[in-house]
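What follows is the content of model_19.txt, which has compact mmCIF, C-alpha atoms:
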# COMPACT_ATOMS: atom_id res chain seq x y z
CA MET A 325 0.00 0.00 0.00
CA ALA A 326 1.38 3.39 -0.95
CA THR A 327 2.05 5.91 1.79
CA TRP A 328 2.93 9.59 1.95
CA GLU A 329 6.57 8.64 1.73
CA ASP A 330 6.11 7.52 -1.92
CA GLY A 331 5.41 11.06 -3.10
CA PRO A 332 3.03 13.97 -2.77
CA GLU A 333 0.50 12.36 -5.07
CA TYR A 334 -0.02 9.61 -2.49
CA ALA A 335 -0.41 12.02 0.45
CA PRO A 336 -3.87 12.14 2.05
CA VAL A 337 -6.01 15.21 1.75
CA GLU A 338 -6.13 15.61 5.53
CA ARG A 339 -3.05 15.05 7.60
CA PRO A 340 -3.42 11.90 9.70
CA ASN A 341 -2.86 11.98 13.42
CA GLU A 342 -0.16 9.32 13.31
CA PHE A 343 1.55 6.87 11.05
CA SER A 344 1.54 3.18 12.01
CA ILE A 345 3.67 0.40 10.54
CA PRO A 346 1.54 -2.46 9.13
CA ASP A 347 1.75 -5.87 10.80
CA ALA A 348 2.99 -7.72 7.71
CA ALA A 349 5.84 -10.18 7.38
CA PRO A 350 8.94 -8.82 5.68
CA LEU A 351 9.66 -9.84 2.11
CA SER A 352 11.98 -12.75 1.37
CA VAL A 353 15.54 -11.98 0.40
CA ALA A 354 16.39 -12.63 -3.26
CA PRO A 355 19.10 -15.28 -3.87
CA PRO A 356 22.52 -13.92 -4.69
CA TYR A 357 23.41 -13.58 -8.38
CA LEU A 358 25.92 -16.15 -9.56
CA GLN A 359 28.29 -15.27 -12.36
CA PRO A 360 28.51 -18.18 -14.87
CA ALA A 361 32.18 -17.47 -15.48
CA ALA A 362 33.07 -17.52 -11.79
CA ASP A 363 34.52 -21.04 -11.99
CA ALA A 364 36.53 -20.32 -15.16
CA PRO A 365 40.32 -20.42 -14.84
CA SER A 366 41.94 -17.14 -14.21
CA ARG A 367 44.54 -17.76 -16.93
CA ARG A 368 43.63 -18.45 -20.57
CA PRO A 369 44.60 -21.99 -21.63
CA SER A 370 47.43 -22.39 -24.10
CA PHE A 371 47.10 -24.55 -27.23
CA ALA A 372 50.82 -24.83 -28.00
CA ASP A 373 52.83 -28.07 -28.20
CA PRO A 374 52.67 -30.18 -25.05
CA GLY A 375 55.60 -29.87 -22.70
CA GLN A 376 55.99 -33.67 -22.33
CA PRO A 377 56.06 -36.42 -24.98
CA VAL A 378 52.73 -38.14 -25.86
CA ALA A 379 51.84 -41.34 -27.75
CA PRO A 380 51.54 -41.06 -31.56
CA LEU A 381 48.08 -41.18 -33.17
CA ALA A 382 48.91 -44.39 -35.09
CA ALA A 383 49.27 -46.22 -31.79
CA LEU A 384 45.69 -45.32 -30.92
CA VAL A 385 44.24 -47.18 -33.97
CA PRO A 386 43.06 -50.70 -32.99
CA ALA A 387 44.83 -53.62 -34.59
CA GLN A 388 43.21 -55.01 -37.76
CA GLU A 389 43.31 -58.44 -39.35
CA GLU A 390 45.32 -59.17 -42.48
CA PRO A 391 43.55 -57.68 -45.52
CA ARG A 392 41.82 -60.16 -47.80
CA ASP A 393 43.04 -60.71 -51.38
CA PRO A 394 40.13 -59.74 -53.67
CA GLY A 395 41.33 -62.23 -56.30
CA LEU A 396 40.72 -65.26 -54.10
CA PRO A 397 37.28 -66.89 -53.94
CA PHE A 398 35.24 -66.93 -50.76
CA GLU A 399 35.36 -70.01 -48.64
CA ILE A 400 31.85 -71.45 -48.26
CA VAL A 401 31.15 -73.72 -45.34
CA SER A 402 28.38 -76.23 -46.10
CA SER A 403 25.62 -76.52 -43.55
CA ALA A 404 22.11 -77.87 -43.30
CA ALA A 405 20.72 -74.54 -44.47
CA THR A 406 22.95 -74.39 -47.58
CA ALA A 407 22.68 -78.07 -48.61
CA SER A 408 21.34 -78.82 -52.08
CA GLU A 409 18.45 -80.75 -50.59
CA SER A 410 17.27 -77.68 -48.64
CA ALA A 411 15.11 -74.90 -50.06
CA TRP A 412 17.91 -72.34 -49.89
CA GLY A 413 20.35 -74.66 -51.71
CA ALA A 414 17.80 -75.44 -54.43
CA ALA A 415 17.12 -71.73 -54.99
CA HIS A 416 20.83 -70.76 -55.16
CA TRP A 417 22.15 -73.77 -57.11
CA SER A 418 23.83 -73.11 -60.47
CA PRO A 419 25.19 -75.53 -63.13
CA PRO A 420 28.98 -76.06 -63.41
CA SER A 421 30.98 -73.81 -65.74
CA GLY A 422 33.11 -76.58 -67.33
CA ALA A 423 32.19 -78.17 -70.68
CA GLY A 424 31.27 -81.83 -70.73
CA THR A 425 31.34 -82.27 -66.98
CA ALA A 426 29.18 -84.76 -65.22
CA THR A 427 26.90 -83.37 -62.56
CA PRO A 428 25.49 -85.82 -60.09
CA VAL A 429 21.76 -85.41 -59.75
CA SER A 430 20.17 -87.20 -56.87
CA GLY A 431 16.86 -87.04 -55.18
CA PRO A 432 15.76 -87.92 -51.74
CA SER A 433 14.33 -91.28 -52.84
CA GLU A 434 16.27 -92.24 -56.01
CA PRO A 435 19.90 -93.33 -56.61
CA PRO A 436 22.44 -90.82 -57.94
CA ARG A 437 22.60 -90.41 -61.72
CA THR A 438 24.63 -88.24 -64.06
CA ILE A 439 23.59 -85.95 -66.91
CA SER A 440 26.02 -84.91 -69.68
CA TRP A 441 25.61 -81.40 -71.03
CA ASP A 442 27.62 -79.84 -73.84
CA PRO A 443 27.23 -76.06 -74.24
CA ARG A 444 28.46 -76.26 -77.88
CA ALA A 445 25.53 -78.45 -78.88
CA PRO A 446 22.67 -76.53 -80.63
CA MET A 447 19.57 -75.99 -78.60
CA SER A 448 16.23 -77.16 -79.93
CA LEU A 449 13.39 -74.70 -79.67
CA THR A 450 9.84 -75.90 -80.07
CA ALA A 451 7.44 -73.16 -81.10
CA HIS A 452 3.91 -73.47 -79.83
CA ALA A 453 1.08 -71.82 -81.69
CA PRO A 454 -0.55 -69.08 -79.64
CA GLN A 455 -3.92 -69.81 -78.23
CA VAL A 456 -6.47 -67.67 -80.08
CA PRO A 457 -9.81 -67.09 -78.34
CA ALA A 458 -12.93 -68.19 -80.11
CA GLY A 459 -14.35 -65.61 -82.49
CA TYR A 460 -10.98 -64.00 -83.38
CA PRO A 461 -9.09 -64.42 -86.68
CA ALA A 462 -6.00 -66.60 -86.95
CA PRO A 463 -2.59 -64.89 -86.34
CA ASN A 464 -0.55 -63.49 -89.27
CA THR A 465 -3.62 -63.25 -91.51
CA PRO A 466 -5.04 -60.03 -93.04
CA PRO A 467 -8.05 -60.00 -90.68
CA TRP A 468 -5.61 -60.33 -87.75
CA PHE A 469 -4.00 -56.93 -88.57
CA GLY A 470 -7.26 -55.21 -89.52
CA PRO A 471 -9.64 -53.33 -87.23
CA ALA A 472 -12.08 -55.22 -85.11
CA PRO A 473 -15.56 -55.60 -86.55
CA TYR A 474 -18.00 -53.02 -85.37
CA PRO A 475 -20.92 -54.33 -83.35
CA VAL A 476 -24.13 -54.41 -85.31
CA ALA A 477 -26.97 -52.60 -83.61
CA PRO A 478 -30.01 -54.79 -83.04
CA PRO A 479 -33.02 -53.93 -85.18
CA PRO A 480 -35.64 -51.78 -83.46
CA PRO A 481 -38.68 -53.62 -82.19
CA PRO A 482 -41.80 -53.37 -84.33
CA VAL A 483 -44.06 -50.40 -83.77
CA THR A 484 -47.63 -51.27 -82.85
CA ALA A 485 -50.77 -49.19 -83.05
CA LYS A 486 -51.13 -49.37 -79.27
CA GLU A 487 -47.71 -47.77 -78.79
CA VAL A 488 -48.51 -45.05 -81.34
CA ILE A 489 -51.68 -44.19 -79.42
CA ARG A 490 -49.73 -44.19 -76.15
CA VAL A 491 -47.01 -41.77 -77.31
CA LEU A 492 -49.50 -39.42 -79.01
CA THR A 493 -51.77 -39.64 -75.93
CA PRO A 494 -55.42 -40.72 -76.36
CA GLY A 495 -56.64 -37.22 -75.42
CA LEU A 496 -55.06 -35.61 -78.48
CA LEU A 497 -56.40 -38.26 -80.84
CA ILE A 498 -59.93 -38.10 -79.35
CA VAL A 499 -60.04 -34.31 -79.67
CA LEU A 500 -58.94 -34.45 -83.31
CA ALA A 501 -61.41 -37.27 -84.03
CA ILE A 502 -64.27 -35.17 -82.66
CA GLY A 503 -63.23 -32.28 -84.90
CA ALA A 504 -63.03 -34.66 -87.87
CA LEU A 505 -66.63 -35.74 -87.30
CA ILE A 506 -68.38 -32.55 -86.15
CA TYR A 507 -67.46 -29.56 -88.30
CA VAL A 508 -69.12 -27.07 -85.90
CA LEU A 509 -66.63 -28.00 -83.14
CA ALA A 510 -63.66 -28.53 -85.47
CA PRO A 511 -62.04 -25.05 -84.97
CA ILE A 512 -62.28 -25.45 -81.17
CA THR A 513 -60.98 -29.03 -81.12
CA LEU A 514 -58.09 -28.07 -83.41
CA ALA A 515 -57.03 -25.38 -80.93
CA LEU A 516 -57.40 -27.83 -78.02
CA GLY A 517 -55.28 -30.37 -79.87
CA TRP A 518 -52.50 -27.82 -80.29
CA GLY A 519 -52.54 -27.27 -76.53
CA LEU A 520 -52.35 -31.02 -75.84
CA THR A 521 -49.12 -31.40 -77.84
CA SER A 522 -47.14 -30.73 -74.63
CA ARG A 523 -48.06 -34.25 -73.44
CA VAL A 524 -46.76 -36.02 -76.56
CA GLN A 525 -43.89 -38.39 -75.71
CA VAL A 526 -42.24 -38.63 -79.13
CA ALA A 527 -41.73 -36.19 -82.04
CA GLN A 528 -43.19 -33.45 -79.89
CA SER A 529 -41.68 -30.58 -81.87
CA ALA A 530 -42.81 -32.04 -85.20
CA VAL A 531 -46.34 -32.66 -83.89
CA ARG A 532 -46.63 -29.15 -82.51
CA ARG A 533 -45.26 -27.67 -85.73
CA THR A 534 -47.84 -29.59 -87.77
CA LEU A 535 -50.78 -28.35 -85.68
CA SER A 536 -49.35 -24.82 -85.67
CA LEU A 537 -49.34 -24.83 -89.47
CA ALA A 538 -52.92 -26.10 -89.41
CA MET A 539 -53.98 -23.28 -87.06
CA ALA A 540 -52.19 -20.70 -89.22
CA ALA A 541 -53.83 -22.05 -92.38
CA LEU A 542 -57.23 -22.00 -90.66
CA GLY A 543 -56.70 -18.35 -89.69
CA LEU A 544 -55.85 -17.42 -93.28
CA VAL A 545 -58.94 -19.25 -94.53
CA GLY A 546 -61.11 -17.38 -92.02
CA MET A 547 -59.69 -14.03 -93.11
CA PHE A 548 -60.20 -14.87 -96.78
CA ILE A 549 -63.83 -15.89 -96.18
CA ALA A 550 -64.47 -12.68 -94.21
CA LEU A 551 -63.03 -10.54 -97.02
CA THR A 552 -65.19 -12.19 -99.67
CA GLY A 553 -68.28 -10.40 -98.30
CA VAL A 554 -69.84 -12.98 -95.99
CA LEU A 555 -71.48 -10.90 -93.26
CA ASP A 556 -73.46 -13.59 -91.45
CA PHE A 557 -71.43 -15.06 -88.58
CA SER A 558 -73.14 -18.46 -88.79
CA ASP A 559 -72.28 -18.80 -92.47
CA TRP A 560 -68.70 -17.75 -91.76
CA TRP A 561 -68.41 -20.22 -88.86
CA ASN A 562 -69.79 -23.06 -90.97
CA LYS A 563 -67.26 -22.49 -93.73
CA VAL A 564 -64.40 -22.17 -91.22
CA GLY A 565 -65.67 -25.35 -89.51
CA TRP A 566 -65.59 -27.36 -92.72
CA SER A 567 -62.03 -26.16 -93.32
CA ALA A 568 -61.08 -27.16 -89.76
CA LEU A 569 -62.71 -30.57 -90.31
CA LEU A 570 -60.48 -31.23 -93.33
CA MET A 571 -57.43 -30.11 -91.37
CA SER A 572 -58.37 -32.44 -88.49
CA TRP A 573 -58.45 -35.38 -90.92
CA ALA A 574 -55.07 -34.33 -92.30
CA ALA A 575 -53.67 -34.14 -88.75
CA LEU A 576 -55.02 -37.60 -87.90
CA VAL A 577 -53.04 -38.96 -90.86
CA ALA A 578 -49.84 -36.93 -90.37
CA LEU A 579 -49.39 -37.30 -86.60
CA PRO A 580 -49.26 -41.14 -86.54
CA ILE A 581 -46.70 -41.03 -89.37
CA LEU A 582 -44.51 -38.69 -87.32
CA ALA A 583 -44.91 -40.90 -84.24
CA VAL A 584 -43.94 -44.07 -86.15
CA ARG A 585 -40.91 -42.30 -87.59
CA GLY A 586 -39.80 -41.18 -84.14
CA LEU A 587 -40.26 -44.64 -82.61
CA ARG A 588 -38.28 -46.34 -85.38
CA SER A 589 -35.40 -43.90 -84.89
CA GLY A 590 -34.80 -45.40 -81.42
CA THR A 591 -35.99 -42.45 -79.34
CA ARG A 592 -38.74 -44.19 -77.43
CA GLY A 593 -39.95 -42.23 -74.45
CA THR A 594 -38.01 -39.08 -75.49
CA ARG A 595 -38.60 -36.11 -77.70
CA TRP A 596 -37.59 -36.64 -81.30
CA GLU A 597 -36.63 -33.52 -83.20
Just give me the structure of the file as structure tokens.
Amino acid sequence: MATWEDGPEYAPVERPNEFSIPDAAPLSVAPPYLQPAADAPSRRPSFADPGQPVAPLAALVPAQEEPRDPGLPFEIVSSAATASESAWGAAHWSPPSGAGTATPVSGPSEPPRTISWDPRAPMSLTAHAPQVPAGYPAPNTPPWFGPAPYPVAPPPPPVTAKEVIRVLTPGLLIVLAIGALIYVLAPITLALGWGLTSRVQVAQSAVRRTLSLAMAALGLVGMFIALTGVLDFSDWWNKVGWSALLMSWAALVALPILAVRGLRSGTRGTRWE
């Protein structure tokens, strides 16, 4: 705790009556500082020649055995591990280097026998024809060096009327059939059929393009009939209806052809452009 003895900034505002010494234990004394070089010799050591004779360095080298002559072969001591009958001896055995020498060949259960081998005798090589898998051409023939035959794609399955109806959706065909039978409803059913082309499963773009051309042709026919002077709406609707009826029949013929073409191209269940 700071007191007035530490400076005027620690002096109390009012002068105390007395100053008492706190009843606290004195602090411990720090250990004395030890100089690391205190135990060093007072005189610097000298690295000059020693004052007394010492043993030469060659005398400190341990004694070595007589060096081996590299021209002499190694001495091999036969043991049970290096015998010819053991696995190690069989793996490291080599034929003799002399010509016309007899090498005893013996087995564990047969008497010793000798085999004569002359390295100057020609060796007979027996060539075996390579095994060719079934379905491949014979070696060294023109088909052997040619490219492999390309796999032939299987023919597409036959297209049935049921599948044509399924990919064109029965709703589209029913709407067009109604327009082909009732000329009064033909313009409406033709427009409904164009809207149902989004559910077609094959040749969707071609089907929609066909019905779009039919709707455009029907609009041109309606404009031409209106410009010819027909003022009665019922007469105009009847003539437009007969035109839509003919277009519905044409669509009923063209759409199955497009569907069959798309199915035969191998795009079943997808859109055929």
| message | Could you list, as a ChimeraX atom specification, every residue within 6 Å of stretch 567-576 of chain A, counting all atoms listed in the file and ignoring same-chain residues fewer than 5 positions away? | response | /A:500,503-504,507,510-511
| field | Neighbour list for stretch 529-537 of chain A as a ChimeraX atom specification, cut-off 12 Å, only C-alpha atoms, skip fewer than 5 positions in-chain | value | /A:491-493,496-497,500,511,513-524,542-544,568,571-586,594-597
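Going from atom CA of A:Val526 over to atom CA of A:Leu505, you cover 25.9 Å.
Atom pair atom CA of A:Leu587 / atom CA of A:Ile502: separated by 25.8 Å.
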| field | Length of the atom CA of A:Pro332 to atom CA of A:Ser344 vector [Å] | value | 18.4 Å
| message | So, with all atoms listed in the file as the atoms that count, which of A:Ala527, A:Val353, A:Ala541, A:Ile512 lies closest to A:Trp561? | response | A:Ile512
